[in-house]
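Shown next: model.tsv, given as TSV, C-alpha atoms.
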chain	number	residue	atom	x	y	z
A	1	MET	CA	46.77	-69.20	-36.47
A	2	ILE	CA	47.25	-65.51	-37.14
A	3	GLU	CA	44.39	-64.57	-34.78
A	4	ILE	CA	46.35	-66.00	-31.82
A	5	LYS	CA	49.40	-63.99	-32.83
A	6	ILE	CA	47.26	-60.84	-33.03
A	7	LEU	CA	45.71	-61.63	-29.64
A	8	ALA	CA	49.17	-62.18	-28.13
A	9	ILE	CA	50.54	-58.90	-29.57
A	10	LEU	CA	47.47	-56.91	-28.50
A	11	SER	CA	47.54	-58.38	-24.97
A	12	LEU	CA	51.22	-57.46	-24.67
A	13	ILE	CA	50.59	-53.87	-25.87
A	14	TYR	CA	47.57	-53.59	-23.54
A	15	ILE	CA	49.43	-54.76	-20.43
A	16	PHE	CA	52.46	-52.61	-21.23
A	17	LEU	CA	50.36	-49.44	-21.65
A	18	LEU	CA	48.21	-50.16	-18.59
A	19	SER	CA	51.28	-50.88	-16.43
A	20	THR	CA	52.92	-47.63	-17.59
A	21	ILE	CA	49.77	-45.59	-16.87
A	22	THR	CA	49.45	-47.23	-13.41
A	23	ILE	CA	53.06	-46.37	-12.53
A	24	ILE	CA	52.54	-42.77	-13.69
A	25	ASN	CA	49.28	-42.53	-11.72
A	26	PHE	CA	50.96	-43.98	-8.64
A	27	LEU	CA	53.82	-41.47	-8.79
A	28	SER	CA	51.69	-38.47	-9.75
A	29	PRO	CA	47.88	-38.91	-9.71
A	30	LYS	CA	47.31	-35.50	-11.30
A	31	ASN	CA	49.51	-35.96	-14.33
A	32	SER	CA	48.69	-34.68	-17.82
A	33	ILE	CA	48.29	-38.19	-19.34
A	34	THR	CA	45.61	-39.12	-16.81
A	35	LYS	CA	43.86	-35.80	-17.35
A	36	LEU	CA	43.86	-36.45	-21.09
A	37	LEU	CA	42.52	-39.97	-20.57
A	38	HIS	CA	39.81	-38.71	-18.22
A	39	LYS	CA	38.40	-36.63	-21.04
A	40	LYS	CA	37.72	-39.90	-22.90
A	41	LEU	CA	37.30	-42.41	-20.04
A	42	ASP	CA	35.99	-41.63	-16.59
A	43	MET	CA	37.01	-43.67	-13.53
A	44	LYS	CA	33.70	-43.72	-11.67
A	45	TYR	CA	32.96	-47.12	-10.13
A	46	ARG	CA	30.28	-48.03	-12.69
A	47	SER	CA	32.61	-47.30	-15.60
A	48	VAL	CA	35.36	-49.29	-13.85
A	49	LEU	CA	32.96	-52.23	-13.56
A	50	MET	CA	32.26	-51.90	-17.29
A	51	TYR	CA	36.00	-51.86	-18.18
A	52	CYS	CA	36.55	-54.93	-16.01
A	53	LEU	CA	33.52	-56.63	-17.58
A	54	ILE	CA	34.94	-56.02	-21.09
A	55	ILE	CA	38.41	-57.33	-20.16
A	56	SER	CA	37.09	-60.45	-18.40
A	57	LEU	CA	34.67	-61.06	-21.29
A	58	ILE	CA	37.53	-60.85	-23.82
A	59	GLY	CA	39.50	-63.36	-21.68
A	60	THR	CA	36.53	-65.73	-21.41
A	61	ILE	CA	35.69	-65.59	-25.13
A	62	SER	CA	39.36	-66.07	-26.07
A	63	SER	CA	39.65	-69.07	-23.73
A	64	LEU	CA	36.50	-70.68	-25.16
A	65	TYR	CA	37.62	-69.87	-28.73
A	66	LEU	CA	40.95	-71.67	-28.19
A	67	SER	CA	39.35	-74.78	-26.71
A	68	GLU	CA	36.05	-75.05	-28.58
A	69	ILE	CA	36.93	-73.68	-32.03
A	70	LYS	CA	40.68	-74.22	-32.33
A	71	GLY	CA	40.46	-77.57	-30.52
A	72	LEU	CA	43.26	-76.92	-27.98
A	73	GLU	CA	42.34	-79.15	-25.06
A	74	PRO	CA	42.80	-77.29	-21.74
A	75	CYS	CA	45.24	-78.84	-19.26
A	76	LYS	CA	44.70	-79.01	-15.47
A	77	TYR	CA	46.05	-75.53	-14.68
A	78	CYS	CA	44.18	-74.01	-17.65
A	79	TRP	CA	41.01	-75.28	-15.97
A	80	PHE	CA	42.03	-73.72	-12.63
A	81	GLU	CA	42.59	-70.39	-14.41
A	82	ARG	CA	39.19	-70.70	-16.07
A	83	ILE	CA	37.53	-71.38	-12.69
A	84	PHE	CA	38.72	-67.96	-11.47
A	85	LEU	CA	38.19	-66.08	-14.76
A	86	PHE	CA	34.73	-67.14	-15.97
A	87	PRO	CA	32.78	-66.08	-12.81
A	88	LEU	CA	34.28	-62.58	-13.08
A	89	VAL	CA	32.11	-61.90	-16.14
A	90	ILE	CA	28.95	-62.60	-14.11
A	91	ILE	CA	30.23	-60.75	-11.02
A	92	TYR	CA	31.09	-57.62	-13.02
A	93	PHE	CA	27.92	-57.75	-15.11
A	94	MET	CA	25.60	-58.11	-12.09
A	95	SER	CA	27.48	-55.42	-10.13
A	96	TRP	CA	27.33	-53.04	-13.10
A	97	TRP	CA	23.65	-53.77	-13.65
A	98	LYS	CA	22.72	-53.41	-9.96
A	99	LYS	CA	25.08	-50.42	-9.55
A	100	ASP	CA	26.87	-52.23	-6.73
A	101	ILE	CA	30.45	-51.13	-5.98
A	102	ASN	CA	31.01	-54.35	-3.96
A	103	GLY	CA	31.55	-56.21	-7.23
A	104	ILE	CA	35.05	-54.72	-7.37
A	105	ILE	CA	35.88	-55.96	-3.84
A	106	ILE	CA	34.37	-59.43	-4.49
A	107	SER	CA	36.44	-59.81	-7.67
A	108	ILE	CA	39.81	-59.14	-5.99
A	109	PRO	CA	40.33	-62.66	-4.50
A	110	PHE	CA	39.47	-64.21	-7.89
A	111	ILE	CA	42.01	-61.93	-9.61
A	112	VAL	CA	44.79	-62.54	-7.07
A	113	ILE	CA	44.34	-66.35	-7.09
A	114	GLY	CA	44.18	-66.25	-10.91
A	115	ILE	CA	47.46	-64.32	-11.02
A	116	PHE	CA	49.22	-66.88	-8.80
A	117	ILE	CA	47.94	-69.88	-10.78
A	118	SER	CA	48.80	-68.38	-14.18
A	119	LEU	CA	52.27	-67.38	-12.98
A	120	TYR	CA	52.91	-70.87	-11.61
A	121	HIS	CA	51.59	-72.40	-14.85
A	122	TYR	CA	53.85	-70.15	-16.94
A	123	SER	CA	56.86	-70.93	-14.73
A	124	ILE	CA	56.50	-74.70	-15.30
A	125	GLN	CA	56.38	-74.05	-19.05
A	126	VAL	CA	59.60	-72.06	-18.89
A	127	PHE	CA	61.29	-74.40	-16.40
A	128	PRO	CA	59.72	-77.86	-16.85
A	129	VAL	CA	60.37	-80.20	-13.93
A	130	GLU	CA	59.27	-83.55	-15.40
A	131	GLU	CA	61.72	-85.68	-17.34
A	132	SER	CA	59.37	-86.12	-20.30
A	133	CYS	CA	56.79	-84.05	-22.20
A	134	GLU	CA	53.30	-85.55	-22.21
A	135	ILE	CA	51.13	-84.95	-25.29
A	136	ILE	CA	48.61	-82.92	-23.24
A	137	ASN	CA	50.63	-81.40	-20.49
A	138	CYS	CA	50.62	-78.17	-18.54
A	139	SER	CA	54.36	-77.81	-19.07
A	140	SER	CA	54.13	-78.23	-22.87
A	141	PRO	CA	52.74	-74.97	-24.28
A	142	TYR	CA	50.31	-75.13	-27.20
A	143	ILE	CA	51.39	-71.72	-28.41
A	144	TRP	CA	54.60	-69.78	-27.97
A	145	GLU	CA	54.18	-66.46	-29.77
A	146	LEU	CA	57.07	-63.98	-30.10
A	147	GLY	CA	59.24	-66.53	-28.36
A	148	PHE	CA	57.66	-66.14	-24.90
A	149	ILE	CA	53.88	-65.60	-24.98
A	150	SER	CA	51.89	-68.73	-24.09
A	151	ILE	CA	48.26	-69.19	-23.02
A	152	PRO	CA	48.97	-68.95	-19.24
A	153	LEU	CA	50.95	-65.75	-19.83
A	154	MET	CA	47.96	-64.29	-21.68
A	155	ALA	CA	45.75	-65.41	-18.76
A	156	PHE	CA	48.18	-63.62	-16.43
A	157	PHE	CA	47.91	-60.46	-18.60
A	158	ASN	CA	44.13	-60.69	-18.27
A	159	PHE	CA	44.12	-61.08	-14.46
A	160	PHE	CA	46.90	-58.56	-13.96
A	161	GLY	CA	45.15	-56.07	-16.27
A	162	LEU	CA	42.02	-56.35	-14.12
A	163	LEU	CA	44.10	-55.78	-10.98
A	164	LEU	CA	45.70	-52.68	-12.56
A	165	ILE	CA	42.27	-51.25	-13.43
A	166	VAL	CA	41.18	-51.76	-9.79
A	167	ILE	CA	44.44	-50.18	-8.52
A	168	ASN	CA	43.97	-47.20	-10.85
A	169	PHE	CA	40.42	-46.81	-9.57
A	170	LYS	CA	41.69	-46.80	-5.97
A	171	ILE	CA	44.47	-44.30	-6.73
A	172	LEU	CA	42.29	-41.90	-8.72
A	173	SER	CA	39.25	-42.07	-6.43
A	174	LYS	CA	41.27	-40.73	-3.47
B	175	MET	CA	48.27	-39.48	-39.99
B	176	LYS	CA	46.04	-42.09	-38.35
B	177	ILE	CA	46.02	-44.18	-41.56
B	178	LYS	CA	49.82	-43.97	-41.67
B	179	TYR	CA	50.15	-45.46	-38.17
B	180	ILE	CA	47.55	-48.16	-38.85
B	181	SER	CA	49.34	-49.12	-42.11
B	182	LEU	CA	52.66	-49.29	-40.24
B	183	PHE	CA	51.11	-51.50	-37.54
B	184	VAL	CA	49.53	-53.83	-40.13
B	185	LEU	CA	52.85	-54.04	-42.02
B	186	LEU	CA	54.74	-54.90	-38.83
B	187	LEU	CA	52.11	-57.51	-37.99
B	188	ILE	CA	52.38	-59.13	-41.44
B	189	LEU	CA	56.19	-59.12	-41.22
B	190	SER	CA	56.09	-60.69	-37.78
B	191	CYS	CA	53.69	-63.37	-39.03
B	192	SER	CA	55.64	-64.28	-42.13
B	193	GLY	CA	57.86	-67.19	-41.24
B	194	THR	CA	59.21	-70.43	-42.49
B	195	SER	CA	56.82	-73.17	-43.41
B	196	PHE	CA	56.75	-76.93	-43.21
B	197	GLU	CA	54.88	-79.17	-45.63
B	198	PHE	CA	53.55	-82.49	-44.40
B	199	SER	CA	54.38	-85.37	-46.72
B	200	GLU	CA	52.76	-88.75	-47.24
B	201	VAL	CA	53.56	-91.40	-44.65
B	202	THR	CA	52.73	-95.08	-44.81
B	203	VAL	CA	53.10	-97.68	-42.09
B	204	LYS	CA	53.28	-101.43	-42.69
B	205	GLY	CA	52.35	-103.80	-39.90
B	206	GLY	CA	50.09	-103.64	-36.90
B	207	ALA	CA	50.13	-101.00	-34.19
B	208	LEU	CA	51.89	-101.62	-30.90
B	209	PRO	CA	49.95	-101.08	-27.66
B	210	GLU	CA	50.37	-97.66	-26.01
B	211	PHE	CA	53.46	-97.58	-23.82
B	212	ASN	CA	52.79	-97.50	-20.11
B	213	ARG	CA	55.77	-96.74	-17.90
B	214	SER	CA	54.39	-98.62	-14.92
B	215	GLY	CA	53.78	-102.22	-15.76
B	216	LYS	CA	54.91	-104.91	-18.19
B	217	ASP	CA	55.47	-103.73	-21.76
B	218	LEU	CA	53.22	-105.96	-23.89
B	219	ALA	CA	54.97	-104.84	-27.09
B	220	VAL	CA	58.23	-106.61	-26.25
B	221	GLY	CA	58.81	-109.40	-28.75
B	222	ALA	CA	56.23	-108.11	-31.23
B	223	PHE	CA	57.27	-107.08	-34.73
B	224	ALA	CA	57.54	-103.31	-34.96
B	225	PRO	CA	55.64	-101.43	-37.66
B	226	ILE	CA	57.67	-100.27	-40.68
B	227	PRO	CA	57.14	-96.60	-41.49
B	228	THR	CA	57.99	-95.01	-44.83
B	229	GLY	CA	58.12	-91.27	-45.32
B	230	ILE	CA	60.30	-88.36	-46.34
B	231	ASP	CA	63.62	-87.48	-44.72
B	232	LEU	CA	65.32	-84.16	-44.02
B	233	ASN	CA	66.55	-83.89	-47.62
B	234	GLY	CA	63.16	-84.73	-49.13
B	235	ASN	CA	64.16	-88.28	-50.07
B	236	PRO	CA	61.97	-91.33	-49.36
B	237	ILE	CA	63.09	-93.32	-46.33
B	238	THR	CA	61.95	-96.60	-44.78
B	239	MET	CA	62.79	-97.37	-41.19
B	240	THR	CA	63.37	-101.04	-40.72
B	241	THR	CA	65.92	-103.59	-39.70
B	242	ARG	CA	64.33	-106.09	-42.06
B	243	VAL	CA	65.08	-104.33	-45.36
B	244	GLY	CA	68.81	-103.97	-44.85
B	245	LEU	CA	69.23	-107.64	-44.04
B	246	GLU	CA	72.86	-107.58	-45.01
B	247	GLU	CA	73.49	-105.32	-42.00
B	248	LYS	CA	71.30	-107.25	-39.55
B	249	LYS	CA	71.78	-104.69	-36.83
B	250	ALA	CA	69.59	-103.78	-33.92
B	251	SER	CA	67.92	-100.36	-34.16
B	252	VAL	CA	66.99	-97.50	-31.92
B	253	ILE	CA	64.19	-95.17	-32.96
B	254	VAL	CA	63.90	-91.90	-31.09
B	255	PHE	CA	60.63	-89.96	-31.39
B	256	LEU	CA	61.03	-86.21	-31.08
B	257	ALA	CA	58.67	-83.26	-30.85
B	258	HIS	CA	60.02	-79.85	-31.83
B	259	TRP	CA	58.13	-78.15	-28.98
B	260	CYS	CA	59.32	-80.54	-26.25
B	261	SER	CA	62.06	-79.02	-24.11
B	262	HIS	CA	63.46	-82.46	-23.22
B	263	CYS	CA	63.75	-83.36	-26.93
B	264	GLN	CA	65.50	-80.03	-27.50
B	265	ARG	CA	68.12	-81.12	-24.95
B	266	GLU	CA	68.29	-84.73	-26.14
B	267	VAL	CA	69.05	-83.85	-29.79
B	268	PRO	CA	72.39	-82.06	-29.15
B	269	MET	CA	73.36	-84.81	-26.68
B	270	ILE	CA	72.80	-87.52	-29.34
B	271	GLN	CA	74.47	-85.48	-32.10
B	272	ASN	CA	77.44	-84.78	-29.87
B	273	TRP	CA	77.82	-88.53	-29.25
B	274	ILE	CA	77.71	-89.21	-33.02
B	275	ASN	CA	80.25	-86.43	-33.69
B	276	ILE	CA	82.67	-87.99	-31.19
B	277	ASN	CA	82.05	-91.71	-31.80
B	278	GLY	CA	80.72	-91.88	-35.36
B	279	SER	CA	78.00	-94.36	-36.32
B	280	SER	CA	77.57	-97.23	-33.92
B	281	ASP	CA	78.82	-100.64	-35.08
B	282	ASN	CA	76.10	-102.33	-33.09
B	283	ILE	CA	73.01	-100.23	-33.59
B	284	ASN	CA	71.27	-98.23	-36.32
B	285	LEU	CA	69.88	-94.95	-35.03
B	286	PHE	CA	66.67	-93.61	-36.59
B	287	SER	CA	64.54	-90.67	-35.60
B	288	VAL	CA	60.94	-89.61	-36.11
B	289	THR	CA	59.66	-86.08	-35.62
B	290	THR	CA	56.00	-86.17	-34.78
B	291	TYR	CA	53.17	-84.07	-33.27
B	292	ILE	CA	54.31	-81.24	-35.53
B	293	GLU	CA	52.29	-78.13	-34.74
B	294	LYS	CA	52.76	-74.73	-36.31
B	295	ASN	CA	51.75	-72.79	-33.23
B	296	LYS	CA	54.07	-74.53	-30.83
B	297	PRO	CA	57.62	-73.45	-29.99
B	298	ASN	CA	60.62	-74.25	-32.14
B	299	TYR	CA	58.62	-74.72	-35.35
B	300	PRO	CA	59.41	-75.90	-38.04
B	301	PRO	CA	61.12	-79.18	-37.03
B	302	ASN	CA	63.22	-79.47	-40.21
B	303	GLU	CA	64.94	-76.15	-39.47
B	304	TRP	CA	65.50	-77.15	-35.87
B	305	LEU	CA	67.26	-80.40	-36.93
B	306	ILE	CA	69.32	-78.58	-39.58
B	307	ARG	CA	70.34	-76.07	-36.91
B	308	GLU	CA	71.46	-78.93	-34.68
B	309	ASN	CA	73.41	-80.54	-37.60
B	310	TRP	CA	71.28	-83.66	-37.12
B	311	SER	CA	72.92	-86.45	-39.10
B	312	SER	CA	70.73	-89.46	-38.23
B	313	PRO	CA	68.04	-90.64	-40.66
B	314	VAL	CA	64.74	-88.92	-39.83
B	315	ILE	CA	61.11	-89.33	-40.92
B	316	PHE	CA	58.61	-86.52	-40.53
B	317	ASP	CA	55.29	-87.90	-39.30
B	318	ASN	CA	52.04	-86.80	-40.94
B	319	GLU	CA	49.28	-84.57	-39.51
B	320	GLU	CA	47.50	-87.56	-37.97
B	321	ASN	CA	50.74	-88.68	-36.23
B	322	ILE	CA	50.30	-92.13	-37.72
B	323	ILE	CA	53.85	-93.33	-36.94
B	324	ALA	CA	53.63	-92.21	-33.31
B	325	GLU	CA	50.27	-93.96	-32.94
B	326	HIS	CA	51.61	-97.19	-34.47
B	327	PHE	CA	54.53	-97.23	-32.04
B	328	GLY	CA	52.30	-96.53	-29.00
B	329	LEU	CA	53.92	-93.20	-28.14
B	330	SER	CA	52.81	-91.74	-24.81
B	331	ALA	CA	55.37	-89.00	-24.01
B	332	PHE	CA	58.48	-87.32	-25.42
B	333	PRO	CA	61.27	-88.10	-26.05
B	334	TYR	CA	60.20	-91.66	-26.80
B	335	TRP	CA	62.59	-94.50	-27.51
B	336	VAL	CA	61.89	-97.81	-29.21
B	337	PHE	CA	64.69	-100.38	-29.22
B	338	LEU	CA	64.44	-103.09	-31.87
B	339	ASN	CA	66.24	-106.42	-32.06
B	340	SER	CA	68.03	-107.22	-35.31
B	341	ASP	CA	65.02	-109.28	-36.48
B	342	GLY	CA	62.75	-106.22	-36.18
B	343	THR	CA	61.01	-107.20	-32.95
B	344	VAL	CA	60.68	-104.80	-30.04
B	345	ASN	CA	63.42	-105.18	-27.43
B	346	MET	CA	62.19	-102.44	-25.10
B	347	ARG	CA	60.53	-99.03	-25.05
B	348	HIS	CA	61.26	-95.99	-22.94
B	349	SER	CA	59.69	-92.56	-22.55
B	350	GLY	CA	61.61	-89.57	-21.22
B	351	SER	CA	65.19	-88.45	-21.48
B	352	LEU	CA	67.66	-91.31	-21.75
B	353	GLY	CA	70.66	-89.37	-20.53
B	354	GLU	CA	74.20	-89.32	-21.87
B	355	ASP	CA	75.54	-92.29	-19.88
B	356	LYS	CA	72.72	-94.69	-20.70
B	357	PHE	CA	72.71	-93.64	-24.36
B	358	ASN	CA	76.48	-94.15	-24.57
B	359	GLN	CA	76.21	-97.56	-22.92
B	360	ILE	CA	73.50	-98.79	-25.32
B	361	MET	CA	75.18	-97.44	-28.44
B	362	LYS	CA	78.56	-98.94	-27.52
B	363	SER	CA	77.57	-102.31	-26.12
B	364	GLY	CA	74.39	-102.89	-28.12
B	365	LEU	CA	71.15	-104.43	-26.97
B	366	ILE	CA	70.78	-107.73	-25.18
B	367	GLU	CA	68.50	-109.45	-27.68
B	368	SER	CA	65.30	-110.42	-25.96
B	369	LYS	CA	61.95	-111.94	-26.84
B	370	ASN	CA	58.65	-111.94	-25.03

Representation of the structure as structure tokens:
Amino acid sequence: MIEIKILAILSLIYIFLLSTITIINFLSPKNSITKLLHKKLDMKYRSVLMYCLIISLIGTISSLYLSEIKGLEPCKYCWFERIFLFPLVIIYFMSWWKKDINGIIISIPFIVIGIFISLYHYSIQVFPVEESCEIINCSSPYIWELGFISIPLMAFFNFFGLLLIVINFKILSK
Amino acid sequence: MKIKYISLFVLLLILSCSGTSFEFSEVTVKGGALPEFNRSGKDLAVGAFAPIPTGIDLNGNPITMTTRVGLEEKKASVIVFLAHWCSHCQREVPMIQNWININGSSDNINLFSVTTYIEKNKPNYPPNEWLIRENWSSPVIFDNEENIIAEHFGLSAFPYWVFLNSDGTVNMRHSGSLGEDKFNQIMKSGLIESKN
């Protein structure tokens, strides 16, 4: 499944770049990289809602692709992650459409809970606690790209990426 | 310049994707399927004749897993079902191989193994390379894409153990890690032959 490998590599590159930019913005909000990026991408609230909508939509489509097209049955924690990811698409779309900045605030609890669940899910894949591996089990990863990227880690990248966009918006709107 | 970077990225991607492959081979199973193993409750498979799978081993040779073919030996058998992606199986394999390296083949029991639920996108793929890496010396069958052997033996979780009496009937089944002490005890003292 080369598409999953591509998705895993792209998500890793995306989270690495976004984390680096966030650290730079945090240390020096008026740095040259941010200025250069601002020429291409503005950080007004409506644009931020659009970026978040795109990221959450990519996460939702990827999740549905893995389960409905590739036939990877979601485990219990995958479903919990989905519960907090799928509504974000609607929240961001409606907030963008109605030009409502509150969409960003409303989405934060979903993102934070999603981060905790995906991290817990990933931790039980790395350090399984049960004495056996069930055929469909949250601690038995379906995919393990580059030796460490599994579906919950990609879900974490998605939630954490959204959080970083919101943090960047807060830093740069000061 | 842009094309150069894109070409480099694509090349790196192709290189990262190119890996070892595993070919499924034909598997046949003689005999009826055992009921799915349920840890809590009486095992209804005890006393029933176990299915007899035939497939391809680690060296690409045909192999049949039965106590009934090698009647001259008339030994009890242990079949361990392994999944390459299962962390418990990854720990169980070196434990078993270490026991064999120290004690040699058991006088009381034949040890067979089946690798099943083979999936390209799961960790530690392909299973043949994993077993070669672990210097696995026990006879092994690679299950097919439909996991027909696992289904016939009523597999519910990994690692999965099926203990057969010398007449080919099921003595007991176990799912989960067996542990060094219990494995050593069974391999040295053999099974207490039982019937349902």

Could you work out which residues of chain B fall inside 10 Å of chain A? Count only C-alpha atoms, and format the result as a ChimeraX atom specification.
/B:187-188,190-192,257,259-263,291,293-299,329-334,349-352

How many Å separate CA of Ser63 (chain A) from CA of Ala155 (chain A)?
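CA of Ser63 (chain A) sits 8.7 Å away from CA of Ala155 (chain A).
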
I'd like the contact shell of Gly206 (chain B) - 9 Å cut-off, only C-alpha atoms, skipping same-chain residues fewer than 4 positions apart - returned as a list of chain:residue names.
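Near neighbours after the sequence-gap exclusion: B:Phe223, B:Ala224, B:Pro225, B:His326.
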
With distances taken over all atoms listed in the file, which of A:Lys40, A:Arg46, A:Lys30, A:Lys35 is nearest to Trp97 (chain A)?
A:Arg46

Enumerate, as a ChimeraX atom specification, the protein, DNA and RNA residues whose atoms approach (43.8, -60.4, -18.1) to within 12 Å, taking into account all atoms listed in the file and the coordinate frame of the file.
/A:7-8,10-12,14-15,18,51-63,81-82,84-86,88-89,110-112,114-115,118,151-165

Residue nearest Asn302 (chain B) - candidates B:Gly234, B:Gly353, B:Gly364, B:Gly328, atoms counted: all atoms listed in the file:
B:Gly234

Please report the interatomic distance between CA of Pro209 (chain B) and CA of Glu325 (chain B) in Å with one decimal.
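Computed distance, CA of Pro209 (chain B) to CA of Glu325 (chain B), equals 8.9 Å.
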
Contacts of Ile24 (chain A) at 12 Å (only C-alpha atoms; same-chain gap of 3+ positions) as a list in words:
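Result of the neighbour search: Leu17, Leu18, Ser19, Thr20, Ile21, Leu27, Ser28, Pro29, Lys30, Asn31, Ser32, Ile33, Thr34, Lys35, Asn168, Ile171 and Leu172 of chain A.
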
Find, counting only C-alpha atoms, the residue in B:Ile270, B:Met346, B:Val252, B:Met239 that gets nearest to Asn282 (chain B).
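With only C-alpha atoms as the atom set, the closest residue is B:Val252.
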
Nearby residues (only C-alpha atoms) at most 12 Å from region 275-280 of chain B, same-chain spacing under 6 positions excluded, as a ChimeraX atom specification
/B:249-252,268-269,286,308-313,357-365

Gap from CA of Arg307 (chain B) to CA of Ile292 (chain B) - Å, one decimal
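It comes out at 16.9 Å.
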